[in-house]
Every structure is written in structure tokens, then in C-alpha cells.
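> Quick one, target-v3.cif (mmCIF, C-alpha atoms and all ligand atoms):
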```
data_run
#
loop_
_atom_site.label_atom_id
_atom_site.label_comp_id
_atom_site.auth_asym_id
_atom_site.auth_seq_id
_atom_site.Cartn_x
_atom_site.Cartn_y
_atom_site.Cartn_z
CA MET A 1146 34.61 192.32 170.00
CA SER A 1147 33.55 188.93 168.68
CA TYR A 1148 33.12 187.81 172.30
CA GLU A 1149 30.63 190.62 172.89
CA SER A 1150 28.49 189.54 169.98
CA ALA A 1151 28.73 185.87 170.97
CA LYS A 1152 27.74 186.82 174.50
CA LYS A 1153 24.64 188.57 173.17
CA LYS A 1154 23.69 185.60 171.07
CA TYR A 1155 23.94 183.24 174.04
CA ALA A 1156 22.14 185.76 176.26
CA SER A 1157 19.18 185.68 173.89
CA LEU A 1158 18.83 182.00 174.86
CA GLY A 1159 19.09 182.91 178.54
CA ILE A 1160 22.72 181.81 178.85
CA ASP A 1161 25.22 183.87 180.84
CA THR A 1162 28.63 183.23 179.23
CA ASP A 1163 30.53 185.34 181.79
CA ASN A 1164 29.12 183.21 184.52
CA ALA A 1165 30.04 180.01 182.65
CA ILE A 1166 33.62 181.24 182.21
CA ASP A 1167 33.90 182.12 185.91
CA THR A 1168 32.58 178.73 186.93
CA LEU A 1169 35.04 176.87 184.73
CA LEU A 1170 38.01 178.90 185.94
CA SER A 1171 37.70 177.20 189.33
CA VAL A 1172 37.30 173.59 188.13
CA PRO A 1173 40.55 171.66 188.56
CA ILE A 1174 41.74 169.24 185.89
CA SER A 1175 44.43 166.79 186.93
CA ILE A 1176 47.34 166.76 184.50
CA HIS A 1177 49.02 163.35 184.21
CA CYS A 1178 52.81 163.47 184.38
CA TRP A 1179 53.07 160.22 182.40
CA GLN A 1180 52.21 161.78 179.04
CA GLY A 1181 55.70 163.31 178.94
CA ASP A 1182 57.81 160.15 178.99
CA ASP A 1183 55.59 157.37 177.65
CA VAL A 1184 54.76 156.09 181.18
CA ILE A 1185 58.35 155.02 181.88
CA GLY A 1186 59.03 156.82 185.18
CA PHE A 1187 62.30 157.01 187.07
CA ASP A 1188 62.36 154.32 189.72
CA SER A 1189 62.86 151.13 187.74
CA ARG A 1190 62.97 152.06 184.06
CA GLU A 1191 61.55 148.69 183.14
CA ALA A 1192 59.65 148.36 179.89
CA LEU A 1193 56.01 149.33 180.26
CA SER A 1194 53.86 146.36 181.27
CA GLY A 1195 50.41 145.64 182.63
CA GLY A 1196 48.56 145.48 179.35
CA ILE A 1197 48.95 149.18 178.58
CA GLN A 1198 50.99 150.41 175.66
CA THR A 1199 52.38 153.63 174.28
CA THR A 1200 52.86 153.64 170.54
CA GLY A 1201 54.92 155.99 168.39
CA ASN A 1202 58.49 157.26 168.52
CA TYR A 1203 58.21 160.99 168.05
CA PRO A 1204 61.50 162.55 169.15
CA GLY A 1205 61.85 164.54 172.36
CA ARG A 1206 60.71 162.19 175.12
CA SER A 1207 61.76 163.47 178.51
CA ARG A 1208 64.33 161.27 180.23
CA THR A 1209 64.99 162.94 183.57
CA PRO A 1210 62.94 164.65 186.28
CA GLU A 1211 64.33 168.01 185.14
CA GLU A 1212 63.28 167.42 181.54
CA LEU A 1213 59.86 166.20 182.55
CA MET A 1214 59.28 169.19 184.83
CA SER A 1215 60.39 171.56 182.11
CA ASP A 1216 57.98 169.95 179.63
CA ILE A 1217 55.13 170.04 182.14
CA ASP A 1218 55.83 173.72 182.67
CA VAL A 1219 55.38 174.46 178.99
CA ALA A 1220 52.15 172.50 178.95
CA LEU A 1221 50.85 174.24 182.09
CA SER A 1222 51.51 177.65 180.59
CA LEU A 1223 49.27 176.85 177.62
CA ILE A 1224 46.43 174.99 179.34
CA PRO A 1225 43.69 177.30 180.62
CA GLY A 1226 42.06 176.97 184.03
CA LYS A 1227 42.91 175.39 187.33
CA LYS A 1228 45.26 172.42 187.29
CA LYS A 1229 46.46 169.67 189.60
CA LEU A 1230 49.59 167.62 189.07
CA ASN A 1231 48.96 163.88 188.77
CA LEU A 1232 51.96 161.75 189.74
CA HIS A 1233 52.59 158.01 189.64
CA ALA A 1234 54.71 156.32 192.30
CA SER A 1235 57.16 155.25 189.58
CA TYR A 1236 58.15 158.92 189.24
CA ALA A 1237 59.90 158.80 192.63
CA ILE A 1238 63.21 160.64 192.55
CA ILE A 1239 65.57 158.46 194.54
CA PRO A 1240 68.96 160.00 195.31
CA GLU A 1241 72.05 158.39 193.75
CA GLY A 1242 73.40 155.65 196.02
CA GLU A 1243 70.13 155.20 197.89
CA SER A 1244 67.79 152.35 197.13
CA ALA A 1245 64.12 152.32 197.93
CA GLY A 1246 61.73 149.69 196.68
CA ARG A 1247 58.13 150.55 195.93
CA ASP A 1248 57.22 148.85 199.19
CA ASN A 1249 59.05 151.48 201.19
CA LEU A 1250 58.70 154.67 199.22
CA ARG A 1251 58.56 157.74 201.39
CA PRO A 1252 57.47 161.37 200.98
CA GLU A 1253 61.09 162.51 200.67
CA HIS A 1254 61.37 160.58 197.41
CA PHE A 1255 58.91 163.07 195.97
CA ALA A 1256 60.35 166.20 197.55
CA PRO A 1257 61.29 167.83 194.21
CA TRP A 1258 57.75 167.19 192.92
CA LEU A 1259 56.20 168.69 196.02
CA LYS A 1260 58.40 171.75 195.63
CA PHE A 1261 57.44 171.97 191.95
CA ALA A 1262 53.72 171.81 192.79
CA LYS A 1263 53.92 174.25 195.67
CA GLU A 1264 55.79 176.82 193.59
CA ARG A 1265 53.04 176.63 191.01
CA ASN A 1266 50.24 176.70 193.55
CA MET A 1267 48.95 173.29 192.53
CA GLY A 1268 47.51 170.37 194.42
CA ILE A 1269 48.83 166.87 193.71
CA ASP A 1270 47.00 163.65 192.88
CA PHE A 1271 48.80 160.35 193.24
CA ASN A 1272 48.80 156.75 192.00
CA PRO A 1273 50.52 153.64 193.26
CA THR A 1274 52.31 151.95 190.33
CA PHE A 1275 51.47 148.26 190.04
CA PHE A 1276 53.22 147.69 186.70
CA ALA A 1277 56.61 147.87 184.97
CA HIS A 1278 58.41 146.34 187.95
CA PRO A 1279 60.17 143.02 188.66
CA MET A 1280 57.80 142.24 191.55
CA VAL A 1281 54.90 141.98 189.10
CA LYS A 1282 54.88 138.20 188.62
CA ASP A 1283 52.86 136.64 185.79
CA ASN A 1284 50.99 139.94 185.43
CA LEU A 1285 49.75 139.70 189.01
CA THR A 1286 50.15 142.02 191.98
CA LEU A 1287 47.49 142.38 194.69
CA SER A 1288 45.63 139.29 193.49
CA SER A 1289 48.68 137.04 193.29
CA PRO A 1290 48.51 133.60 194.92
CA ASP A 1291 52.16 134.14 195.87
CA GLU A 1292 52.07 135.67 199.35
CA ARG A 1293 55.45 137.34 198.90
CA VAL A 1294 54.21 139.19 195.81
CA ARG A 1295 50.93 140.16 197.40
CA ARG A 1296 52.66 141.40 200.55
CA TYR A 1297 55.08 143.54 198.53
CA TRP A 1298 52.25 145.31 196.73
CA ILE A 1299 50.16 145.72 199.87
CA ASP A 1300 53.12 147.52 201.41
CA HIS A 1301 53.35 149.65 198.27
CA GLY A 1302 49.70 150.63 198.59
CA LYS A 1303 50.14 151.61 202.23
CA ALA A 1304 53.28 153.59 201.46
CA CYS A 1305 51.32 155.50 198.81
CA ILE A 1306 48.58 156.42 201.29
CA ARG A 1307 51.21 157.99 203.55
CA ILE A 1308 52.72 159.89 200.62
CA ALA A 1309 49.29 161.07 199.42
CA GLU A 1310 48.48 162.40 202.87
CA HIS A 1311 51.81 164.22 203.00
CA PHE A 1312 51.10 165.84 199.61
CA ALA A 1313 47.64 166.92 200.74
CA LYS A 1314 48.77 168.38 204.05
CA GLU A 1315 51.73 170.17 202.46
CA THR A 1316 49.80 171.68 199.56
CA GLY A 1317 46.58 172.21 201.52
CA VAL A 1318 44.71 170.59 198.63
CA PRO A 1319 43.09 167.13 199.00
CA CYS A 1320 44.88 164.35 197.13
CA VAL A 1321 43.03 161.82 194.99
CA LEU A 1322 44.88 158.52 195.32
CA ASN A 1323 43.89 156.13 192.56
CA PHE A 1324 44.38 152.38 192.68
CA TRP A 1325 44.55 150.48 189.43
CA ILE A 1326 46.08 147.03 189.08
CA PRO A 1327 46.69 145.30 185.75
CA ASP A 1328 46.06 141.80 187.14
CA GLY A 1329 44.47 139.40 184.72
CA TYR A 1330 44.89 136.39 182.46
CA LYS A 1331 45.43 135.92 178.77
CA GLU A 1332 43.49 132.67 178.75
CA THR A 1333 40.22 131.76 180.39
CA PRO A 1334 41.07 131.21 184.05
CA ALA A 1335 40.18 128.05 185.93
CA ASP A 1336 39.29 130.15 188.96
CA ARG A 1337 37.73 133.59 188.61
CA TYR A 1338 36.73 133.88 192.26
CA GLY A 1339 40.05 133.36 194.03
CA PRO A 1340 41.94 136.27 192.43
CA ARG A 1341 39.10 138.66 193.17
CA ALA A 1342 38.86 137.45 196.75
CA ARG A 1343 42.61 138.04 197.13
CA TYR A 1344 42.36 141.49 195.53
CA ALA A 1345 39.60 142.46 197.97
CA ALA A 1346 41.58 141.09 200.92
CA SER A 1347 44.68 143.00 199.80
CA MET A 1348 42.77 146.25 199.42
CA ASP A 1349 41.21 145.70 202.84
CA GLU A 1350 44.68 145.41 204.32
CA ILE A 1351 45.86 148.52 202.50
CA LEU A 1352 42.88 150.43 203.84
CA THR A 1353 43.87 149.62 207.42
CA GLU A 1354 46.55 152.28 206.94
CA PRO A 1355 45.13 155.28 208.80
CA TYR A 1356 44.54 158.42 206.76
CA ASP A 1357 42.61 161.65 206.97
CA LYS A 1358 39.48 161.30 204.83
CA GLU A 1359 39.21 165.06 204.43
CA PHE A 1360 42.60 165.10 202.76
CA VAL A 1361 42.92 161.82 200.89
CA TYR A 1362 40.28 160.43 198.55
CA ILE A 1363 41.03 156.85 197.64
CA THR A 1364 39.62 155.79 194.29
CA LEU A 1365 39.47 152.40 192.58
CA GLU A 1366 39.68 152.06 188.80
CA SER A 1367 38.14 149.16 186.90
CA LYS A 1368 39.00 147.78 183.49
CA VAL A 1369 37.55 145.38 180.96
CA PHE A 1370 40.77 143.93 179.50
CA GLY A 1371 44.42 144.68 178.77
CA ILE A 1372 46.80 143.72 175.98
CA GLY A 1373 47.97 140.16 176.72
CA LEU A 1374 45.29 139.90 179.42
CA GLU A 1375 42.34 139.51 177.14
CA SER A 1376 40.30 136.84 178.86
CA TYR A 1377 39.99 138.00 182.43
CA THR A 1378 40.57 141.16 184.46
CA VAL A 1379 40.52 140.84 188.23
CA GLY A 1380 39.44 144.45 188.80
CA SER A 1381 36.36 144.36 186.61
CA ALA A 1382 33.63 147.01 186.70
CA GLU A 1383 31.40 144.96 189.01
CA PHE A 1384 34.29 144.22 191.33
CA CYS A 1385 35.40 147.82 191.62
CA LEU A 1386 31.94 149.33 191.98
CA SER A 1387 30.92 146.82 194.65
CA TYR A 1388 34.22 147.14 196.47
CA SER A 1389 34.09 150.95 196.49
CA ALA A 1390 30.46 151.02 197.61
CA THR A 1391 31.00 148.63 200.49
CA ARG A 1392 34.27 150.17 201.70
CA GLY A 1393 33.34 153.83 201.45
CA ILE A 1394 35.92 154.75 198.82
CA THR A 1395 35.33 156.42 195.45
CA PRO A 1396 34.85 154.60 192.13
CA LEU A 1397 36.94 155.72 189.16
CA MET A 1398 35.79 155.24 185.58
CA ASP A 1399 38.26 155.46 182.71
CA ASN A 1400 36.34 155.82 179.47
CA GLY A 1401 38.80 153.52 177.68
CA HIS A 1402 37.90 150.66 180.00
CA TYR A 1403 34.53 149.49 178.75
CA HIS A 1404 33.13 147.53 175.85
CA PRO A 1405 33.26 149.79 172.79
CA THR A 1406 29.52 150.47 172.65
CA GLU A 1407 29.27 151.26 176.36
CA VAL A 1408 29.66 154.91 177.31
CA VAL A 1409 30.84 156.42 180.57
CA SER A 1410 28.61 159.47 180.06
CA ASP A 1411 25.56 157.30 180.69
CA LYS A 1412 27.08 155.80 183.84
CA ILE A 1413 27.83 159.16 185.47
CA PRO A 1414 24.32 160.02 186.74
CA SER A 1415 23.81 156.55 188.20
CA LEU A 1416 27.04 156.68 190.12
CA LEU A 1417 26.36 160.22 191.28
CA LEU A 1418 23.08 159.05 192.74
CA PHE A 1419 24.82 156.55 194.98
CA ASN A 1420 28.25 158.07 195.64
CA LYS A 1421 29.33 161.26 197.30
CA ASN A 1422 32.14 161.62 194.79
CA LEU A 1423 33.11 160.12 191.49
CA ALA A 1424 36.47 160.07 189.72
CA LEU A 1425 37.12 160.00 185.99
CA HIS A 1426 40.06 159.25 183.73
CA VAL A 1427 39.34 161.07 180.51
CA THR A 1428 40.93 159.45 177.50
CA ARG A 1429 40.02 158.40 173.97
CA GLY A 1430 39.98 154.75 173.03
CA VAL A 1431 40.08 154.02 169.33
CA ARG A 1432 38.78 150.45 168.91
CA TRP A 1433 40.49 149.49 172.20
CA ASP A 1434 41.95 151.21 175.27
CA SER A 1435 44.46 152.91 172.99
CA ASP A 1436 44.80 156.07 175.06
CA HIS A 1437 44.65 158.50 172.16
CA VAL A 1438 44.69 162.21 173.00
CA VAL A 1439 41.28 163.46 174.13
CA ALA A 1440 39.41 165.11 171.25
CA PHE A 1441 36.50 167.56 171.34
CA ASP A 1442 34.28 164.70 170.26
CA ASP A 1443 30.74 163.58 171.00
CA GLU A 1444 31.55 161.41 174.00
CA THR A 1445 33.86 163.93 175.66
CA ARG A 1446 31.10 166.53 175.30
CA GLU A 1447 28.54 164.07 176.60
CA ILE A 1448 30.68 163.29 179.67
CA ALA A 1449 31.04 167.01 180.38
CA LYS A 1450 27.34 167.52 179.81
CA GLU A 1451 26.42 164.87 182.38
CA ILE A 1452 28.75 166.37 185.00
CA VAL A 1453 27.32 169.84 184.43
CA ARG A 1454 23.64 168.86 184.16
CA CYS A 1455 23.92 166.79 187.33
CA GLY A 1456 25.30 169.89 189.04
CA ALA A 1457 28.30 167.80 189.99
CA LEU A 1458 31.34 169.90 189.03
CA GLY A 1459 32.33 169.92 192.69
CA ARG A 1460 31.85 166.17 193.18
CA VAL A 1461 33.66 164.71 190.19
CA PHE A 1462 37.45 164.43 190.16
CA ILE A 1463 38.49 164.94 186.56
CA ALA A 1464 41.87 163.61 185.46
CA LEU A 1465 43.47 163.09 182.08
CA ASP A 1466 44.83 159.65 181.22
CA TYR A 1467 46.34 159.10 177.80
CA PHE A 1468 49.80 158.60 176.39
CA ASP A 1469 50.58 159.38 172.80
CA ALA A 1470 54.16 159.08 171.57
CA SER A 1471 53.34 159.64 167.91
CA ILE A 1472 53.07 163.43 168.07
CA ASN A 1473 54.82 166.16 170.03
CA ARG A 1474 54.18 165.01 173.61
CA VAL A 1475 53.80 168.52 175.01
CA ALA A 1476 51.27 169.36 172.32
CA ALA A 1477 49.43 166.13 173.18
CA TRP A 1478 49.05 167.28 176.76
CA ILE A 1479 47.81 170.68 175.71
CA ILE A 1480 45.37 169.53 173.05
CA GLY A 1481 43.74 166.96 175.35
CA ALA A 1482 43.54 169.32 178.32
CA ARG A 1483 42.17 172.16 176.23
CA ASN A 1484 39.57 169.78 174.82
CA VAL A 1485 38.37 168.77 178.27
CA ASN A 1486 38.07 172.46 179.10
CA LYS A 1487 36.22 173.05 175.84
CA ALA A 1488 33.79 170.24 176.54
CA LEU A 1489 33.05 171.59 180.03
CA LEU A 1490 32.58 175.12 178.77
CA TYR A 1491 30.38 173.86 175.95
CA ALA A 1492 28.20 172.16 178.57
CA LEU A 1493 28.14 175.28 180.74
CA VAL A 1494 26.88 177.43 177.86
CA SER A 1495 24.09 175.04 176.91
CA PRO A 1496 20.46 175.82 177.71
CA ASN A 1497 20.47 173.03 180.27
CA GLU A 1498 17.30 173.86 182.14
CA LYS A 1499 15.39 174.59 178.97
CA LEU A 1500 16.36 171.24 177.44
CA THR A 1501 15.35 169.35 180.58
CA GLU A 1502 12.01 171.15 180.59
CA LEU A 1503 11.45 170.18 176.95
CA GLN A 1504 12.21 166.56 177.79
CA ASN A 1505 9.81 166.60 180.72
CA ASN A 1506 7.12 168.14 178.51
CA SER A 1507 7.74 165.44 175.91
CA ASP A 1508 8.62 168.09 173.34
CA PHE A 1509 11.36 165.96 171.83
CA THR A 1510 11.19 167.80 168.51
CA THR A 1511 12.19 171.14 170.02
CA MET A 1512 14.68 169.44 172.31
CA PHE A 1513 16.45 167.90 169.34
CA ALA A 1514 16.26 171.05 167.22
CA LEU A 1515 17.70 173.21 169.99
CA SER A 1516 20.49 170.75 170.82
CA GLU A 1517 21.51 170.75 167.16
CA GLU A 1518 21.27 174.53 166.91
CA MET A 1519 23.70 174.88 169.82
CA LYS A 1520 26.40 173.15 167.80
CA THR A 1521 26.79 176.07 165.42
CA MET A 1522 26.62 178.85 167.99
CA PRO A 1523 29.76 181.06 168.15
CA PHE A 1524 31.29 178.84 170.82
CA ALA A 1525 34.88 179.45 169.68
CA ASP A 1526 34.57 183.10 170.68
CA VAL A 1527 33.51 182.11 174.18
CA PHE A 1528 36.36 179.63 174.50
CA ASP A 1529 38.84 182.24 173.28
CA GLU A 1530 37.56 184.63 175.94
CA TYR A 1531 37.93 181.89 178.56
CA CYS A 1532 41.56 181.41 177.48
CA ARG A 1533 42.14 185.15 177.62
CA ARG A 1534 40.77 185.38 181.16
CA ALA A 1535 42.82 182.35 182.16
CA GLY A 1536 45.92 184.08 180.84
CA VAL A 1537 46.78 181.60 178.09
CA PRO A 1538 46.86 182.09 174.30
CA SER A 1539 43.64 181.51 172.39
CA GLY A 1540 43.10 179.80 169.06
CA MET A 1541 46.15 178.10 167.56
CA GLU A 1542 48.64 180.57 169.05
CA TRP A 1543 49.76 178.07 171.69
CA LEU A 1544 51.23 175.87 168.97
CA CYS A 1545 53.89 178.48 168.12
CA ASP A 1546 55.20 178.27 171.68
CA VAL A 1547 55.34 174.48 171.49
CA GLN A 1548 57.09 174.56 168.13
CA LYS A 1549 59.66 176.97 169.49
CA TYR A 1550 60.21 174.71 172.52
CA GLU A 1551 60.59 171.76 170.17
CA ARG A 1552 63.23 173.57 168.10
CA GLU A 1553 65.14 174.90 171.09
CA VAL A 1554 64.81 172.07 173.62
CA LEU A 1555 63.11 168.87 172.53
CA SER A 1556 65.06 168.40 169.30
CA GLY A 1557 68.30 168.32 171.31
CA ARG A 1558 67.23 165.13 173.11
CA LYS A 1559 68.77 162.26 171.21
C1 LIG B 1601 45.45 151.63 182.64
C2 LIG B 1601 44.75 152.64 183.48
C3 LIG B 1601 45.64 153.44 184.38
C4 LIG B 1601 46.90 153.90 183.70
C5 LIG B 1601 47.68 154.92 184.49
C6 LIG B 1601 49.06 155.10 183.95
O1 LIG B 1601 44.64 151.03 181.72
O2 LIG B 1601 43.99 153.48 182.67
O3 LIG B 1601 44.91 154.51 184.89
O4 LIG B 1601 46.65 154.42 182.44
O5 LIG B 1601 47.67 154.59 185.81
ZN ZN B 1602 43.09 155.15 183.64
#
```
Could I get this file's structure written as C-alpha cells?
Ligand code: RNT
Ligand code: ZN


Amino acid sequence: MSYESAKKKYASLGIDTDNAIDTLLSVPISIHCWQGDDVIGFDSREALSGGIQTTGNYPGRSRTPEELMSDIDVALSLIPGKKKLNLHASYAIIPEGESAGRDNLRPEHFAPWLKFAKERNMGIDFNPTFFAHPMVKDNLTLSSPDERVRRYWIDHGKACIRIAEHFAKETGVPCVLNFWIPDGYKETPADRYGPRARYAASMDEILTEPYDKEFVYITLESKVFGIGLESYTVGSAEFCLSYSATRGITPLMDNGHYHPTEVVSDKIPSLLLFNKNLALHVTRGVRWDSDHVVAFDDETREIAKEIVRCGALGRVFIALDYFDASINRVAAWIIGARNVNKALLYALVSPNEKLTELQNNSDFTTMFALSEEMKTMPFADVFDEYCRRAGVPSGMEWLCDVQKYEREVLSGRK
């Protein structure tokens, strides 16, 4: 009932809410497995390193593949829309008695994940893990001056390409394989050029691994600084953009990885002009790359708006990347993922063409007035209808399911 009246209200502005809902139902959002266990993984169980940090000690962290899969299932059942599963190499499930280093990981080490994804009709995205491992020496991996270290991580990168291709061929859905290395220095380095030259050379070697470009999209993620690596980051924005552009791979922007007054929303159209595809890690940095749960805030809406107004829903790979251990971790997944969906839907039910026309006619007064008016439209009714059509609870109902799961399952994890 309330949807019908909201629909009319939007229609009076020339906006087709049914159409917007249909469009969004087919946009995949990649759900990061690492929210469930504070980025610990299963293959080495080393403390998290690489300048990233999870804070909080809310009870109920998943400790095994079974627990993590069960938690992901609850999250998936309460997140509307199309989803992909985003795995990190550190989530390899290596059988008891077998040992496999990251340099020789194989598809079979992810067999239970592949089965999980297939049963749920999901594609898989993948990430090599260049942190929380004894072969990370002095916070360096692919840019290390130590050939043994560099070689190890090159082999890891190549192994991950083979695994990504296996995932893609098995699921029939292309796999986005994202490279991010933590490499950097706490103090001002004597040599800024050498590490970047070594990083480029390492990536070049990794990219000699043959792969099917229709099935695997390799992306490269930049960063401005990490905790304990404040003075210099090898994979800076300029490095990663230039490398991606010259090697024909896809740039990835994480909105926690820029100076605090820089915004990814503004970078999206520029990159879309010069790249076939673009990848995003959607997060929320509070003062630093703190990886807070994504909120329905101005910048998330602005990011969604740019994707939609550039007509680029089919060209941008959207993934979540945050890790909050201070609240129920399953709820954290759901809130962030629902907010990304909300932001996209909000953009889809905006008078996009009208606003562009006003800008081009220099009618900035009407443009501003209309943009502000949109904020108090009955958007919640449209989002509720989207949830209904996606087969998930609307409003706050999802929280009851999570609370029940917490009482019955999570609270038993000591
Ligand atoms: C770190 C990067 C990176 C990681 C994940 C776990 O700053 O954002 O994407 O968060 O790979
Ligand atoms: Zn990221």
C-alpha cells in the first residue's frame, strides 16, 4: 500500500520505481568473507599484519570454516539482491596432515568454498593474501629487496591466478582477482624508486601466468598509508593507476585509502573515461582507514550516484571491505551490504536526467532545490519493496533473525 503511493509520488517526477528495483536486483555485490572472523583466515592463523587492524572484541567470532560458512549463510539470507562471495587466499582449507604454503596453493584447497558458492548459485571473487604470514619480512612482499621473499610472493600471485580461473570456470561467473600488498615504511625511505620498480617487476612476472581474460579480471588496489607504515606506501595511487593502465588490468579504489578530504566518488567518472572496468572496495574510514561498517551516508550515496549517472552499473565491480569486531559481526555484514543496496537504489530513483539538464542549463538553483527535495521522498517504502521482491525481510525485521542466531549459535562460541 505505502509502496503504491510512493511509486505515484516518484512517477510524478518521471521516475519508474519498478524499473529501478528490477535493475538493482541484477547488480552483484561482492560479500567479503573476512568480516566474519576479523581477517584471521585459516591457513596460518598469524596475528593480522600489513597495517590493517580490526578493533573490538564482541563475542561470537567464527573460528572454523563451518562456523564462517554458517555465519555467511545468515548474512546472505538477509541481504537483498545478487551476491558474490569474496574470498582471501588465507581462507584456504588445507586438510589435516597436508601442508601447503601460499606459494603453492591449489584449487582443491578451496573445494569446500566452491561447493558452498555453487550450491548458492554465486560467483566467487578472490584475493591473494600478502599479510599475516611469516614470509612477510619487514612489512615487505612483492617489493622486497630479498629475492627469496619476492619469489615466494610472486609464486603466490601466480597460484592465485590459477585458482581464480578455476573458480570462474566452475561457477560460470567471472572472478575478480584483486591484488593489494601492504608494503611500505614507517620512516621516510632513502629510496622510493627501488621498491616501486621491484613491485612492478614482480607484478609483471605474475602476469606472465596465462589466464582467460573473459573469466578473470585482475585488479590492483592502491593505498595512501597503513598503521606502522605511515611514511611511504609502495602501491600508491599513482603507482597503481599507471601500472593498471599500462598493463591492461583494472584499477581498484578503496574509499578508505585516500587523504581524508579526497573522495572516491569524484574519481569514478575520470577512471570510467579511461578504463573498460573499474573495481571498488566500499568501506567507511573514520579519520583513517578504520574500516567501519558502510553507512547510508553522503559519500556512499555519492559513489552510487556516480556509478548510476555514468551508466556504469555493468562496468564497476562493487565489493565490500570492512571489518568491525565491536558489534555483532553478522549484523555488520548485513547493515553494510543493505546500505550499499540502499545507496544504489537511491541513485536509481533520482531524477538523473533532469538534474543533468538543469546543470547544463546553468539552473543551479533548481538543481539544488530538487536534489534536496529528493532526500525526503518516501524512499524507505521503495527500499522495503525492493527487499520484498528480493525475498528478504524489510525494515528492522532482519535484526530479529540475527538476534536469534546470536542467542542460539554465536553466544556458544567461547
Ligand atoms: C587493506 C585493503 C585490503 C584489505 C583486504 C582484507 O587496506 O583495503 O583490501 O582490506 O584485502
Ligand atoms: Zn580494500

> Within 9 Å of Ala1345 of chain A, counting all atoms listed in the file, which residues qualify if same-chain residues fewer than 2 places away don't, as a PDB file with C-alpha atoms, in the frame of the given file?


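Generated output (part.pdb):
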```pdb
ATOM      1  CA  LEU A1287      47.490 142.380 194.690  1.00  0.00           C
ATOM      2  CA  SER A1288      45.630 139.290 193.490  1.00  0.00           C
ATOM      3  CA  PRO A1340      41.940 136.270 192.430  1.00  0.00           C
ATOM      4  CA  ARG A1341      39.100 138.660 193.170  1.00  0.00           C
ATOM      5  CA  ALA A1342      38.860 137.450 196.750  1.00  0.00           C
ATOM      6  CA  ARG A1343      42.610 138.040 197.130  1.00  0.00           C
ATOM      7  CA  SER A1347      44.680 143.000 199.800  1.00  0.00           C
ATOM      8  CA  MET A1348      42.770 146.250 199.420  1.00  0.00           C
ATOM      9  CA  ASP A1349      41.210 145.700 202.840  1.00  0.00           C
ATOM     10  CA  GLU A1350      44.680 145.410 204.320  1.00  0.00           C
ATOM     11  CA  PHE A1384      34.290 144.220 191.330  1.00  0.00           C
ATOM     12  CA  TYR A1388      34.220 147.140 196.470  1.00  0.00           C
TER      13      TYR A1388
END
```

> Residues up to 10 Å from ligand ZN 1602 (chain B), counting all atoms listed in the file: could you list those as a count of residues only?

23

> So which one's closest to ligand LIG 1601 (chain B), A:Pro1204, A:Gly1226, A:Gly1380, A:Gly1268? Using all atoms listed in the file, please.

A:Gly1380

> Around (38.6, 135.7, 183.6), as given in the file, which residues come within 12 Å? Count all atoms listed in the file and list them as a list of chain:residue names.

A:Asp1328, A:Gly1329, A:Tyr1330, A:Lys1331, A:Glu1332, A:Thr1333, A:Pro1334, A:Ala1335, A:Asp1336, A:Arg1337, A:Tyr1338, A:Gly1339, A:Pro1340, A:Arg1341, A:Val1369, A:Phe1370, A:Gly1371, A:Leu1374, A:Glu1375, A:Ser1376, A:Tyr1377, A:Thr1378, A:Val1379, A:Gly1380, A:Ser1381

> Pick out the closest residue to Thr1353 of chain A from this set: A:Gly1302, A:Pro1319, A:Gly1201, A:Pro1327. Count only C-alpha atoms.

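The answer is A:Gly1302, which sits nearest to Thr1353 of chain A.
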
> Rank nothing, just name the residue among A:Val1172, A:Leu1250, A:Ile1372, A:Ala1313 nearest to ligand LIG 1601 (chain B), using all atoms listed in the file.

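Of the candidates, the smallest distance to ligand LIG 1601 (chain B) is held by A:Ile1372.
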
> With only C-alpha atoms as the basis for distance, which of A:Leu1500, A:Leu1490, A:Ile1166, A:Ala1382 is at the shortest distance from Glu1407 of chain A?

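For Glu1407 of chain A, the nearest of the candidates is A:Ala1382.
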
> How far is it from atom CA of Glu1310 of chain A to atom CA of Lys1421 of chain A, in Å with one decimal?

20.0 Å

> Taking every listed atom of ligand LIG 1601 (chain B) and adding 4 Å to each side, what centre and edge lengths in Å (one decimal) does the axis-aligned box have, as JSON?


```
{"center_x": 46.5, "center_y": 153.1, "center_z": 183.8, "size_x": 13.1, "size_y": 12.1, "size_z": 12.1}
```
